[in-house]
Every structure is written in structure tokens, then in C-alpha cells.
Amino acid sequence: MSSPTTSTTSSHVSPPGDVLVVGAGLAGAQTVAALRAHGYDGVVRVLGAEDVPPYDRPPLSKHLLDRTEPAWLTDELGLDLHGLADEVRLGVAARALEVVPGRPGAVVRTDGGDLPASCVVLATGAHAVRVPAWPTALTLHTAADADRLRAGLDGGPRRLVVVGAGWIGAEVAGVAAAAGHQVTVVEARDAPLTTGLGAQVGALTAPWYADAGVDLRLGATVTSAGPDGVRLADGAHLPADVVLVAVGARPATGWLAGALPLTDGAVAVDASYRVLGPAGPFEGLLAVGDVARRRSARYGWVPGGHWDEALRGPDLMVRRLLGVDTDGGEITPYVFSTQLGHDLAMFGLPGADDRPTVLGDPAAGGWSVLWTRGLEGPVTAALAVDRPRDVGAARRLLGGAELPHVRLDGVTSLAALPRR
């Protein structure tokens, strides 16, 4: 299939004979779009486990109750997967991968037969963490999950217990409480958003729950969850009509077990998104989005799950694959969230030992945070809370080839930092 091109591949790079994209979410769809945009006119096939066209996942929680249809990528990005790819198979899951030594690409096994390709892109995304012992508890990661959660909250005020005060749990709690539901959030750690922000910064978001009418239980461990609610380790029972488990997501890589080395379920890739094995990159095997754990010159290893990795990572990957662009640029991790009446945007990746500095007064309104390595080390991440001007400043600050150094004396906002 041919399409108009916007760039020309380098004569020093031989494009693959065909490409099989495994995954029809944002990362997979963006891969197909990038291939065509950069002049690839070979055969492109797409395999998707869900039986619906590609859609964007963030609105599933942010607009759980006011948007009952998925945010289709055709509408959101003008991305017509069927018009770009030669073949699109939806509702067909990949079951296994076979890498043949000495041969580029791989063979993807499905219930409908084997699909060989000289270049295979792994973009199967992630799945919500489930607790098998709690079969009636809901999760939220797919459009079908959102439909079930909406149905559970339909018909008047409901009692909702959310297990986990992370990004998704906080977003759903805020949306449900604003709609009049009785919401309790149970978090085993001592602060919300500890995984993403650390305990010190995460604790600054705790007052938001009471302000939004949400009962937040910190340091509380759930021992069981059933159709009538959850029971905590201290013996307390929290009645519920709906229980949502929002304790994170894991790369959807179970089908790769035994074929590729995995670290915490993720596929290790280099800066060009080439899958790494013991002897170096596999030829003709790439991974992007939630499944990938990317080697970064700035951060070491960057886990998947960052929205920009799925949105912008495929374009960088394809440019490297086709030889269009081989510079040392990379994608800056980016998270945005609307929760409990507050807007958050975070750029970069703070390490566990990085030092947070709060800019502004969280009790008085908008505020921001910078994380640095030690007292005088580079800035590794920036968070803007209810500060639209600081969002652009954070993106500029962390958009360079190297982590920046800044002087924070007397600075109360990211927008006040000198432009780089």
C-alpha cells in the first residue's frame, strides 16, 4: 500500500520488507501513521486484541461519567488505521512469539494462525492489576472496563470504594464524588500518589479528598473484597455497591514469556526502541509504549506507562528505523491528570533518592515541585499543580538533550525560571 510521504528515508538504511504491528492502541496506531508519514511503502499489518478501533485511554477515567463513547483516535488525531495499513485484524490476540536465530523479525502466533514478518513492533500496551481472590471487584483500563464501571454507578447515588490512591484511583474518586456518589478511597501507603510523586509530595494532595467529599483511608490494607464491600486488616468493613481496584498496571507481555527476556514484565529496548537481548539488539524487533523499558541517556531506564511514550515514541522509533533521523533526542516522560478538582502535569522522572523542592504554597492555591539529584545536582523532574504557565515552563526546562541545572534561590514558580 502506498501513501503520500513527508520525508525520504536515508540511502544508508534498508527499510524492512514488511512490518507487523502487534497492538492497535495509541502506540500501535501511531507506529502505522509514522511509517506512512516517513515514506514507508511496504506492507504494514496490524494485530489488535480488542475488537474495537483504536481509542485514547486517559478519557476513560477523566471523563468516565460524561463521555460514554471511547475517544476514538480517528476523531481525536484524524488517524484512520484501516486507511493506512494493508491489513488490520481486530479482536485477534497474539499468543506467542518465535524469534528465529539469524533471521530478522519474528513469527507471531495467534489462534488464527502464524504471522511472520521481517520487522515486528511490539505495542500491546498494559493491563490493569487484578486480584484473583476478588472476582467481583472492577478494574479500569479498557473501554469495556469503563462500561462496566459506569453501569455499576448508574441509577442514583452509589457507594463506591476505590482501592488505591494512585493516578486512576484519584481521578475516578473525584469524578464519582462530583456526580453525587459516596466515595471511599483506601490506600495501603501513608500518602496518595506515592509511586509517582514520593511520600512527601504525595502527602500534599491528601487534603484534596476531604475537600471533594471523599473519605480517604491511608495506611489501610484491604484483606478481602466482595459484592457487599471490602474488609480491612484492622477488621473494619466498608460497605459498597461497587468496588474498583486501582493499584496499577503491568505490561501486557505474558504472551512473550520464554521468547524474550523480561524485567518486571517489560521488554528492554535501547534509545531507538530496538529490543535488547543478551548479545545486543534483535534485528527487526522493536517495542514501544507501555510494554517497553527504554534505555535513556538522561534517566537510565524509563518504564512505559507515560502517555508521550505512546503518542510520540513511535515517530522517533520509525525515524530511527528508516534512517530519517539518527540524532540523540529522546522523549521526556510526561504525565497529566485531573483529580479532585485539580490539574497536574509532570515532566521527567524523579529517582527514589531525588530531592523535591516545593515552589509556592500548596495551602494557598497553585504550586509546583522540582526534583534534583542532591543539593546541587541536575533537575530530574518538574510537577505543576493548578499552574498553567508552569506547565509550558516545565516542558521547556526538561526538553533539552541534558538534564538542566537551576538556581532556586527566591524562585516561587517554574515560569519564573530563566528560559534555557
# chains A, B, ... in the order shown; residues from 1 in each chain; ligands from 1

$ residues_around --residues "range 135-152 of chain A" --least-positions-apart "6" --cutoff "10 Å" --atoms "only C-alpha atoms" --output "VMD selection string"
chain A and resid 50 52 55 to 61 63 to 66 68 to 71 126 to 129 158 to 163 168 to 169 172 176 225 to 230 241 to 249

$ residues_around --residues "Val100 in chain A" --least-positions-apart "4" --cutoff "12 Å" --atoms "only C-alpha atoms" --output "ChimeraX atom specification"
/A:104-108,116-118,259-260,282-285

$ write_last_selection --atoms "C-alpha atoms" --output "PDB file, in the first residue's frame"
ATOM      1  CA  PRO A 104      15.288 -10.617  11.103  1.00  0.00           C
ATOM      2  CA  GLY A 105      11.866 -10.110  12.588  1.00  0.00           C
ATOM      3  CA  ALA A 106       9.836 -12.879  14.171  1.00  0.00           C
ATOM      4  CA  VAL A 107       6.766 -15.074  13.883  1.00  0.00           C
ATOM      5  CA  VAL A 108       3.678 -14.088  15.882  1.00  0.00           C
ATOM      6  CA  PRO A 116       5.733 -13.958  10.095  1.00  0.00           C
ATOM      7  CA  ALA A 117       7.258 -10.545   9.370  1.00  0.00           C
ATOM      8  CA  SER A 118      10.727  -9.178   8.737  1.00  0.00           C
ATOM      9  CA  ALA A 259      10.716 -15.793  23.879  1.00  0.00           C
ATOM     10  CA  LEU A 260      12.298 -12.580  25.177  1.00  0.00           C
ATOM     11  CA  PHE A 282      17.405  -8.222  17.998  1.00  0.00           C
ATOM     12  CA  GLU A 283      17.298  -7.427  14.280  1.00  0.00           C
ATOM     13  CA  GLY A 284      13.841  -6.408  13.094  1.00  0.00           C
ATOM     14  CA  LEU A 285      12.257  -6.470  16.561  1.00  0.00           C
TER      15      LEU A 285
END

$ residues_around --residues "Ala279 in chain A" --least-positions-apart "4" --cutoff "12 Å" --atoms "only C-alpha atoms" --output "ChimeraX atom specification"
/A:101,261,275,283

$ closest_residue --among "A:Ala206, A:Leu20, A:Val43, A:Val267" --to "Ala191 in chain A" --atoms "only C-alpha atoms"
A:Ala206

$ residues_around --residues "Arg45 in chain A" --least-positions-apart "4" --cutoff "6 Å" --atoms "only C-alpha atoms" --output "list in words"
Leu20, Ala85, Asp86, Glu87 and Val88 of chain A

$ select_by_dssp --residues "range 170-362 of chain A" --states "strand (DSSP E)" --output "JSON, numbers by chain"
{"A": [182, 183, 184, 185, 186, 187, 215, 216, 217, 218, 222, 223, 224, 225, 226, 229, 230, 231, 232, 237, 238, 239, 242, 243, 244, 245, 249, 250, 251, 262, 263, 266, 267, 268, 269, 274, 275, 276, 277, 280, 281, 282, 283, 284, 285, 286, 287, 292, 293, 294, 295, 296, 300, 301, 302, 334, 335, 336, 337, 338, 339, 342, 343, 344, 345, 346, 347, 348, 355, 356, 357, 358, 359]}

$ residues_around --residues "Leu370 in chain A" --least-positions-apart "6" --cutoff "8 Å" --atoms "only C-alpha atoms" --output "VMD selection string"
chain A and resid 356 to 359 379 to 383

$ residues_around --residues "Leu403 in chain A" --least-positions-apart "2" --cutoff "8 Å" --atoms "only C-alpha atoms" --output "number ranges by chain"
A: 298, 378-380, 398, 400-401, 405

$ select_by_dssp --residues "range 108-328 of chain A" --states "helix (DSSP H, G or I)" --output "ChimeraX atom specification"
/A:143-153,167-178,194-205,207-211,254-256,289-291,307-311,313-322

$ atom_distance --atom1 "CA of Gly39 in chain A" --atom2 "CA of Pro15 in chain A"
10.0 Å

$ residues_around --residues "Ala179 in chain A" --least-positions-apart "4" --cutoff "9 Å" --atoms "only C-alpha atoms" --output "mmCIF file with C-alpha atoms, in the first residue's frame"
data_model
loop_
_atom_site.group_PDB
_atom_site.id
_atom_site.type_symbol
_atom_site.label_atom_id
_atom_site.label_comp_id
_atom_site.auth_asym_id
_atom_site.auth_seq_id
_atom_site.Cartn_x
_atom_site.Cartn_y
_atom_site.Cartn_z
ATOM 1 C CA LEU A 65 -19.423 9.659 33.507
ATOM 2 C CA PRO A 157 -26.143 7.661 44.291
ATOM 3 C CA GLY A 174 -13.112 12.866 42.000
ATOM 4 C CA VAL A 175 -15.424 12.202 39.062
#
